[in-house]
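Coordinates as given in protein_24.tsv (TSV, C-alpha atoms and all ligand atoms):
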```
chain	number	residue	atom	x	y	z
A	1	THR	CA	-10.34	-2.20	-11.01
A	2	ILE	CA	-8.68	-1.59	-7.64
A	3	SER	CA	-7.63	1.59	-5.87
A	4	ASN	CA	-4.28	3.23	-6.49
A	5	ARG	CA	-3.49	2.59	-2.82
A	6	LEU	CA	-3.83	-1.19	-3.26
A	7	LYS	CA	-1.88	-1.08	-6.55
A	8	ARG	CA	0.99	0.70	-4.80
A	9	ILE	CA	0.93	-1.91	-2.02
A	10	ALA	CA	1.01	-4.70	-4.64
A	11	SER	CA	4.03	-3.08	-6.31
A	12	TYR	CA	6.16	-3.91	-3.25
A	13	LEU	CA	5.62	-7.66	-3.56
A	14	PRO	CA	8.40	-9.51	-5.39
A	15	LYS	CA	7.71	-11.48	-8.59
A	16	LYS	CA	6.21	-14.93	-7.90
A	17	PRO	CA	5.13	-13.97	-4.39
A	18	HIS	CA	3.76	-16.48	-1.95
A	19	PHE	CA	1.98	-14.18	0.43
A	20	ALA	CA	-0.81	-13.67	2.93
A	21	ASP	CA	-3.15	-10.68	2.91
A	22	ILE	CA	-4.49	-10.40	6.45
A	23	GLY	CA	-7.74	-8.47	6.82
A	24	SER	CA	-8.32	-8.92	3.11
A	25	ASP	CA	-11.98	-7.78	3.06
A	26	HIS	CA	-13.02	-8.36	-0.60
A	27	ALA	CA	-9.68	-10.01	-1.44
A	28	TYR	CA	-9.12	-7.36	-4.11
A	29	LEU	CA	-5.38	-7.25	-3.49
A	30	PRO	CA	-4.60	-10.99	-3.73
A	31	CYS	CA	-6.86	-11.33	-6.78
A	32	TYR	CA	-5.20	-8.39	-8.51
A	33	VAL	CA	-1.72	-9.79	-7.82
A	34	CYS	CA	-2.59	-13.33	-8.93
A	35	LEU	CA	-4.30	-12.10	-12.11
A	36	HIS	CA	-1.09	-10.28	-13.07
A	37	ASP	CA	1.40	-12.98	-12.07
A	38	ASP	CA	0.81	-16.62	-13.04
A	39	ALA	CA	3.29	-17.82	-10.43
A	40	ALA	CA	1.76	-15.89	-7.52
A	41	LYS	CA	-0.01	-17.67	-4.68
A	42	ALA	CA	-1.97	-16.02	-1.89
A	43	ILE	CA	-3.88	-16.64	1.30
A	44	ALA	CA	-6.60	-14.14	2.12
A	45	GLY	CA	-7.35	-14.01	5.85
A	46	GLU	CA	-10.50	-12.49	7.35
A	47	VAL	CA	-11.81	-12.55	10.87
A	48	VAL	CA	-15.34	-11.34	10.06
A	49	GLU	CA	-17.87	-13.57	8.26
A	50	GLY	CA	-19.28	-10.90	5.92
A	51	PRO	CA	-15.93	-9.89	4.39
A	52	PHE	CA	-14.86	-13.55	4.38
A	53	HIS	CA	-17.80	-14.36	2.08
A	54	SER	CA	-17.11	-11.29	-0.05
A	55	ALA	CA	-13.52	-12.50	-0.44
A	56	LYS	CA	-14.73	-15.95	-1.50
A	57	ALA	CA	-17.06	-14.36	-4.05
A	58	THR	CA	-14.30	-12.21	-5.60
A	59	VAL	CA	-12.00	-15.22	-5.89
A	60	LYS	CA	-14.73	-17.29	-7.52
A	61	ALA	CA	-15.70	-14.53	-9.95
A	62	ASN	CA	-12.07	-14.34	-11.08
A	63	HIS	CA	-11.64	-18.14	-11.27
A	64	LEU	CA	-8.71	-17.95	-8.89
A	65	GLU	CA	-9.73	-20.72	-6.46
A	66	ALA	CA	-6.55	-22.65	-7.25
A	67	VAL	CA	-4.23	-19.81	-6.23
A	68	VAL	CA	-6.07	-17.63	-3.70
A	69	ASP	CA	-7.05	-19.53	-0.57
A	70	VAL	CA	-9.60	-17.64	1.56
A	71	ARG	CA	-9.53	-18.48	5.27
A	72	LEU	CA	-11.62	-17.38	8.23
A	73	GLY	CA	-9.67	-16.56	11.38
A	74	ASP	CA	-7.94	-14.02	13.57
A	75	GLY	CA	-4.80	-12.43	12.19
A	76	LEU	CA	-1.90	-14.76	11.43
A	77	ALA	CA	-3.69	-17.71	13.06
A	78	VAL	CA	-4.99	-18.66	9.59
A	79	LEU	CA	-1.42	-19.50	8.51
A	80	HIS	CA	0.64	-22.64	9.00
A	81	LYS	CA	4.25	-22.16	9.97
A	82	GLY	CA	6.50	-21.44	7.02
A	83	GLU	CA	3.61	-21.21	4.57
A	84	VAL	CA	4.22	-17.74	3.17
A	85	ASN	CA	7.21	-15.51	2.47
A	86	GLN	CA	5.45	-12.15	2.52
A	87	VAL	CA	2.67	-10.75	4.66
A	88	VAL	CA	0.49	-7.76	3.80
A	89	ILE	CA	-1.62	-6.07	6.49
A	90	ALA	CA	-3.35	-2.99	5.14
A	91	GLY	CA	-6.20	-0.60	5.78
A	92	MET	CA	-6.41	-0.74	9.56
A	93	GLY	CA	-4.98	1.15	12.51
A	94	GLY	CA	-1.31	0.83	13.40
A	95	SER	CA	-1.95	-0.56	16.85
A	96	LEU	CA	-4.16	-3.32	15.43
A	97	ILE	CA	-1.49	-4.18	12.85
A	98	LYS	CA	1.05	-4.29	15.64
A	99	SER	CA	-1.05	-6.64	17.76
A	100	ILE	CA	-1.69	-8.94	14.78
A	101	LEU	CA	2.08	-9.21	14.26
A	102	GLU	CA	2.72	-9.63	17.98
A	103	ASN	CA	0.11	-12.38	18.42
A	104	GLY	CA	1.30	-14.27	15.35
A	105	MET	CA	5.04	-14.05	15.82
A	106	ASP	CA	5.50	-17.83	15.60
A	107	LYS	CA	4.18	-17.67	12.00
A	108	LEU	CA	6.76	-15.15	10.85
A	109	GLU	CA	9.83	-17.38	10.83
A	110	LYS	CA	9.95	-17.67	7.01
A	111	VAL	CA	8.44	-14.27	6.33
A	112	GLU	CA	11.07	-12.23	4.53
A	113	ARG	CA	8.94	-9.17	3.92
A	114	ILE	CA	6.13	-7.42	5.75
A	115	ILE	CA	4.14	-4.76	3.92
A	116	ALA	CA	2.02	-2.70	6.32
A	117	GLN	CA	-0.34	0.12	5.48
A	118	PRO	CA	-1.59	1.65	8.73
A	119	ASN	CA	-4.39	4.22	8.38
A	120	VAL	CA	-3.25	5.89	11.61
A	121	ASP	CA	-0.47	5.41	14.16
A	122	ALA	CA	2.25	4.23	11.78
A	123	LYS	CA	4.66	4.84	14.65
A	124	ALA	CA	3.43	1.72	16.49
A	125	VAL	CA	4.12	-0.42	13.41
A	126	ARG	CA	7.61	0.98	12.83
A	127	LYS	CA	8.53	0.39	16.46
A	128	TRP	CA	7.32	-3.19	16.33
A	129	LEU	CA	9.27	-3.90	13.12
A	130	TYR	CA	12.37	-2.29	14.58
A	131	HIS	CA	12.24	-4.43	17.72
A	132	HIS	CA	11.63	-7.68	15.82
A	133	GLY	CA	14.39	-7.83	13.26
A	134	TYR	CA	12.68	-6.18	10.29
A	135	GLU	CA	14.40	-3.31	8.55
A	136	ILE	CA	12.32	-0.64	6.86
A	137	ILE	CA	13.59	-0.57	3.28
A	138	GLN	CA	10.84	1.36	1.46
A	139	GLU	CA	8.10	3.78	2.40
A	140	GLU	CA	5.54	5.76	0.49
A	141	ILE	CA	2.61	8.04	1.24
A	142	VAL	CA	-0.35	7.69	-1.08
A	143	GLU	CA	-2.84	10.54	-1.14
A	144	GLU	CA	-6.32	9.38	-2.09
A	145	ASN	CA	-9.76	10.87	-1.45
A	146	GLU	CA	-8.24	13.44	0.91
A	147	HIS	CA	-6.68	10.70	3.04
A	148	PHE	CA	-3.01	9.94	3.47
A	149	TYR	CA	-1.99	6.30	3.48
A	150	GLU	CA	1.49	5.31	4.61
A	151	ILE	CA	2.94	2.15	3.12
A	152	ILE	CA	5.81	0.60	5.08
A	153	VAL	CA	7.92	-2.18	3.55
A	154	ALA	CA	10.23	-4.09	5.88
A	155	ASP	CA	12.60	-6.99	5.23
A	156	LYS	CA	14.01	-9.50	7.67
A	157	MET	CA	17.58	-8.47	8.40
A	158	ASN	CA	20.48	-9.46	10.56
A	159	THR	CA	21.71	-5.91	10.86
A	160	ILE	CA	20.10	-3.41	13.17
A	161	GLN	CA	18.78	-0.19	11.73
A	162	ASN	CA	19.52	2.89	13.78
A	163	LEU	CA	16.19	4.66	14.25
A	164	THR	CA	15.29	7.68	16.37
A	165	GLU	CA	11.93	8.74	17.83
A	166	LYS	CA	11.64	11.12	14.91
A	167	ASP	CA	12.14	8.26	12.44
A	168	PHE	CA	9.37	6.29	14.16
A	169	MET	CA	7.01	9.22	13.87
A	170	PHE	CA	7.71	10.37	10.30
A	171	GLY	CA	9.30	7.28	8.75
A	172	PRO	CA	13.06	6.96	8.15
A	173	ILE	CA	12.70	6.74	4.36
A	174	LEU	CA	9.89	9.29	4.11
A	175	LEU	CA	12.06	11.79	6.01
A	176	VAL	CA	14.87	11.45	3.50
A	177	ASN	CA	12.80	11.58	0.32
A	178	LYS	CA	10.16	14.10	1.32
A	179	SER	CA	7.38	14.01	-1.26
A	180	LYS	CA	4.42	16.27	-1.98
A	181	PRO	CA	1.99	13.96	-0.13
A	182	PHE	CA	4.40	13.89	2.83
A	183	TYR	CA	4.24	17.68	3.17
A	184	ASN	CA	0.48	17.66	2.65
A	185	LYS	CA	0.00	15.02	5.33
A	186	TRP	CA	2.07	16.78	7.95
A	187	ARG	CA	0.60	20.19	7.21
A	188	SER	CA	-2.82	18.71	7.79
A	189	GLU	CA	-1.62	16.90	10.98
A	190	LYS	CA	-0.24	20.17	12.27
A	191	GLU	CA	-3.59	21.88	11.82
A	192	LYS	CA	-5.31	19.04	13.65
A	193	LEU	CA	-2.86	19.28	16.55
A	194	HIS	CA	-3.34	23.04	16.78
A	195	TYR	CA	-7.07	22.50	17.02
A	196	ILE	CA	-6.77	19.84	19.74
A	197	ARG	CA	-4.27	21.99	21.58
A	198	LYS	CA	-6.71	24.86	21.75
A	199	GLN	CA	-9.25	22.56	23.34
A	200	LEU	CA	-6.70	21.22	25.85
A	201	ASP	CA	-5.84	24.80	26.72
A	202	GLN	CA	-9.46	25.47	27.58
A	203	ALA	CA	-9.93	22.27	29.59
A	204	SER	CA	-11.05	22.92	33.15
A	205	VAL	CA	-8.45	20.50	34.51
A	206	PRO	CA	-4.94	21.57	33.41
A	207	GLN	CA	-3.42	19.08	30.96
A	208	ILE	CA	0.23	19.98	31.41
A	209	GLU	CA	1.76	16.60	30.49
A	210	LYS	CA	-0.42	16.23	27.40
A	211	LEU	CA	0.31	19.80	26.35
A	212	ARG	CA	4.02	19.20	26.60
A	213	ARG	CA	3.82	16.12	24.39
A	214	PHE	CA	1.74	18.04	21.89
A	215	ASP	CA	4.12	20.96	21.77
A	216	ASN	CA	7.02	18.61	21.23
A	217	GLU	CA	5.24	16.95	18.28
A	218	VAL	CA	4.26	20.29	16.80
A	219	THR	CA	7.87	21.48	17.01
A	220	TRP	CA	9.03	18.39	15.13
A	221	ILE	CA	6.35	18.82	12.50
A	222	GLU	CA	7.33	22.45	12.01
A	223	GLU	CA	10.92	21.34	11.61
A	224	VAL	CA	10.16	18.80	8.91
A	225	LEU	CA	7.87	21.24	7.10
A	226	ARG	CA	10.45	24.03	7.12
A	227	ASP	CA	12.30	23.00	3.97
A	228	GLU	CA	9.17	22.67	1.83
A	229	LYS	CA	9.69	24.34	-1.50
B	1	LIG	N1	-6.88	-4.91	3.53
B	1	LIG	C1	-7.98	-4.31	2.78
B	1	LIG	C2	-7.59	-2.99	2.25
B	1	LIG	O1	-6.52	-2.47	2.61
B	1	LIG	O2	-8.33	-2.42	1.43
B	1	LIG	C3	-9.23	-4.20	3.65
B	1	LIG	C4	-9.14	-3.21	4.77
B	1	LIG	S1	-10.59	-3.27	5.79
B	1	LIG	C5	-10.82	-1.60	6.18
B	1	LIG	C6	-9.99	-4.04	7.27
B	1	LIG	C7	-10.37	-5.51	7.33
B	1	LIG	O3	-9.59	-6.14	8.33
B	1	LIG	C8	-11.81	-5.74	7.67
B	1	LIG	O4	-12.42	-6.51	6.68
B	1	LIG	C9	-11.76	-6.49	9.01
B	1	LIG	O5	-12.77	-7.47	9.14
B	1	LIG	C10	-10.38	-7.12	8.96
B	1	LIG	N2	-9.77	-7.43	10.25
B	1	LIG	C11	-9.75	-6.67	11.36
B	1	LIG	N3	-9.08	-7.29	12.35
B	1	LIG	C12	-8.66	-8.48	11.85
B	1	LIG	C13	-7.94	-9.59	12.39
B	1	LIG	N4	-7.51	-9.59	13.66
B	1	LIG	N5	-7.69	-10.65	11.60
B	1	LIG	C14	-8.13	-10.66	10.32
B	1	LIG	N6	-8.83	-9.65	9.77
B	1	LIG	C15	-9.10	-8.58	10.51
```
Rewrite the structure of this file - the entire thing - as structure tokens.
Amino acid sequence: TISNRLKRIASYLPKKPHFADIGSDHAYLPCYVCLHDDAAKAIAGEVVEGPFHSAKATVKANHLEAVVDVRLGDGLAVLHKGEVNQVVIAGMGGSLIKSILENGMDKLEKVERIIAQPNVDAKAVRKWLYHHGYEIIQEEIVEENEHFYEIIVADKMNTIQNLTEKDFMFGPILLVNKSKPFYNKWRSEKEKLHYIRKQLDQASVPQIEKLRRFDNEVTWIEEVLRDEK
């Protein structure tokens, strides 16, 4: 059985998906989806040999060879043009997710939906989506094992979403529907920032620019935490 985090990610795929899971590791997500939907088809991409073989083994154990294709390669390079309609990239840093999207842009032409789950730096992912014609239509924070995982769902759109720096940082949808995990995440981020700030304060070389950026972020966090019930 797979983690709640991966189940939540799977819930944002449409019925009968034809999708790629990039950085699939054990291929738990594509196997789970294809076991629950007879019409689903998936490509599991992995750049590292070890996880690639683990993915193959999971697919074989579940007799899913006909519907989950495991491929070794970097990011979206494992895909042919127009091959999939959805792309999932989960469980890595936001800047890595961003560079995978950036380097594979020519493979995204038919991709209607991108589901990203950055472990850190979700801001980088939101900015990339915003600048490349994907509109954030759903977001969720999953709290698991004392970690907070942000899931960002974006659809290809002709309209342009109006997003601010604050939206990039907190998530436009998460800001509107503030949930318990949202408050928990940002309370914990605030504590982390306070701790780092103390250390910057004590640095022998003055860190004025950094301090200013920190204080700005802390002010925003305090603002979004203010209405917690
Ligand atoms: N997606 C799974 C999940 O969310 O549970 C696995 C996450 S695992 C922590 C990250 C995986 O991404 C690793 O197996 C790693 O080898 C793979 N990875 C990292 N960079 C990649 C790239 N450029 N292309 C394909 N896979 C990559």
Please return as a ChimeraX atom specification the residues found within 9 Å of ligand LIG 1 (chain B), counting all atoms listed in the file. /A:3,5-6,9,21-29,45-52,72-78,88-93,96-97,99-100,117-119
As a compact mmCIF listing (two decimals) with C-alpha atoms, in the frame of the given file, please: the residues near region 161-164 of chain A (cut-off 12 Å, all atoms listed in the file, same-chain neighbours under 3 positions excluded).
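Dumped everything to around_14.txt:
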```
# COMPACT_ATOMS: atom_id res chain seq x y z
CA LYS A 123 4.66 4.84 14.65
CA ARG A 126 7.61 0.98 12.83
CA LYS A 127 8.53 0.39 16.46
CA LEU A 129 9.27 -3.90 13.12
CA TYR A 130 12.37 -2.29 14.58
CA HIS A 131 12.24 -4.43 17.72
CA HIS A 132 11.63 -7.68 15.82
CA GLY A 133 14.39 -7.83 13.26
CA TYR A 134 12.68 -6.18 10.29
CA GLU A 135 14.40 -3.31 8.55
CA ILE A 136 12.32 -0.64 6.86
CA ILE A 137 13.59 -0.57 3.28
CA ALA A 154 10.23 -4.09 5.88
CA ASP A 155 12.60 -6.99 5.23
CA LYS A 156 14.01 -9.50 7.67
CA MET A 157 17.58 -8.47 8.40
CA ASN A 158 20.48 -9.46 10.56
CA ASP A 167 12.14 8.26 12.44
CA PHE A 168 9.37 6.29 14.16
CA MET A 169 7.01 9.22 13.87
CA PHE A 170 7.71 10.37 10.30
CA GLY A 171 9.30 7.28 8.75
CA PRO A 172 13.06 6.96 8.15
CA ILE A 173 12.70 6.74 4.36
CA LEU A 175 12.06 11.79 6.01
```
Would you mind reading off the distance between CA of Val84 (chain A) and CA of Ile43 (chain A), one decimal, in Å?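 Value for the CA of Val84 (chain A)-CA of Ile43 (chain A) distance: 8.4 Å.
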Shell around Lys16 (chain A) at 12 Å using all atoms listed in the file, local window under 4 positions removed, as a PyMOL selection string: chain A and resi 10+12+33-42+67+84-86
Applying 12 Å and all atoms listed in the file, which residues near Asn4 (chain A) remain after dropping the ones on its own chain fewer than 6 positions away? List them as a PyMOL selection string. chain A and resi 10-11+28-29+32+141-145+149
Find the nearest atom pair between each residue of region 84-186 of chain A and region 220-224 of chain A for residues within 12 Å, count all atoms listed in the file, give distances in Å to one decimal, sort rows by chain and ascending number, and present the table as JSON lines.
```
{"residue": "A:Glu165", "atom": "CA", "partner": "A:Trp220", "partner_atom": "CA", "distance": 10.4}
{"residue": "A:Lys166", "atom": "CA", "partner": "A:Trp220", "partner_atom": "CA", "distance": 7.7}
{"residue": "A:Asp167", "atom": "CA", "partner": "A:Trp220", "partner_atom": "CA", "distance": 10.9}
{"residue": "A:Met169", "atom": "CA", "partner": "A:Trp220", "partner_atom": "CA", "distance": 9.5}
{"residue": "A:Phe170", "atom": "CA", "partner": "A:Ile221", "partner_atom": "CA", "distance": 8.8}
{"residue": "A:Gly171", "atom": "CA", "partner": "A:Val224", "partner_atom": "CA", "distance": 11.6}
{"residue": "A:Leu174", "atom": "CA", "partner": "A:Val224", "partner_atom": "CA", "distance": 10.7}
{"residue": "A:Leu175", "atom": "CA", "partner": "A:Val224", "partner_atom": "CA", "distance": 7.8}
{"residue": "A:Val176", "atom": "CA", "partner": "A:Val224", "partner_atom": "CA", "distance": 10.3}
{"residue": "A:Asn177", "atom": "CA", "partner": "A:Val224", "partner_atom": "CA", "distance": 11.5}
{"residue": "A:Lys178", "atom": "CA", "partner": "A:Val224", "partner_atom": "CA", "distance": 8.9}
{"residue": "A:Ser179", "atom": "CA", "partner": "A:Val224", "partner_atom": "CA", "distance": 11.6}
{"residue": "A:Phe182", "atom": "CA", "partner": "A:Val224", "partner_atom": "CA", "distance": 9.7}
{"residue": "A:Tyr183", "atom": "CA", "partner": "A:Val224", "partner_atom": "CA", "distance": 8.3}
{"residue": "A:Asn184", "atom": "CA", "partner": "A:Ile221", "partner_atom": "CA", "distance": 11.5}
{"residue": "A:Lys185", "atom": "CA", "partner": "A:Ile221", "partner_atom": "CA", "distance": 10.3}
{"residue": "A:Trp186", "atom": "CA", "partner": "A:Ile221", "partner_atom": "CA", "distance": 6.6}
```
Two-atom distance - CA of Glu109 (chain A), CA of Ala124 (chain A) (Å):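 Computed distance, CA of Glu109 (chain A) to CA of Ala124 (chain A), equals 20.9 Å.
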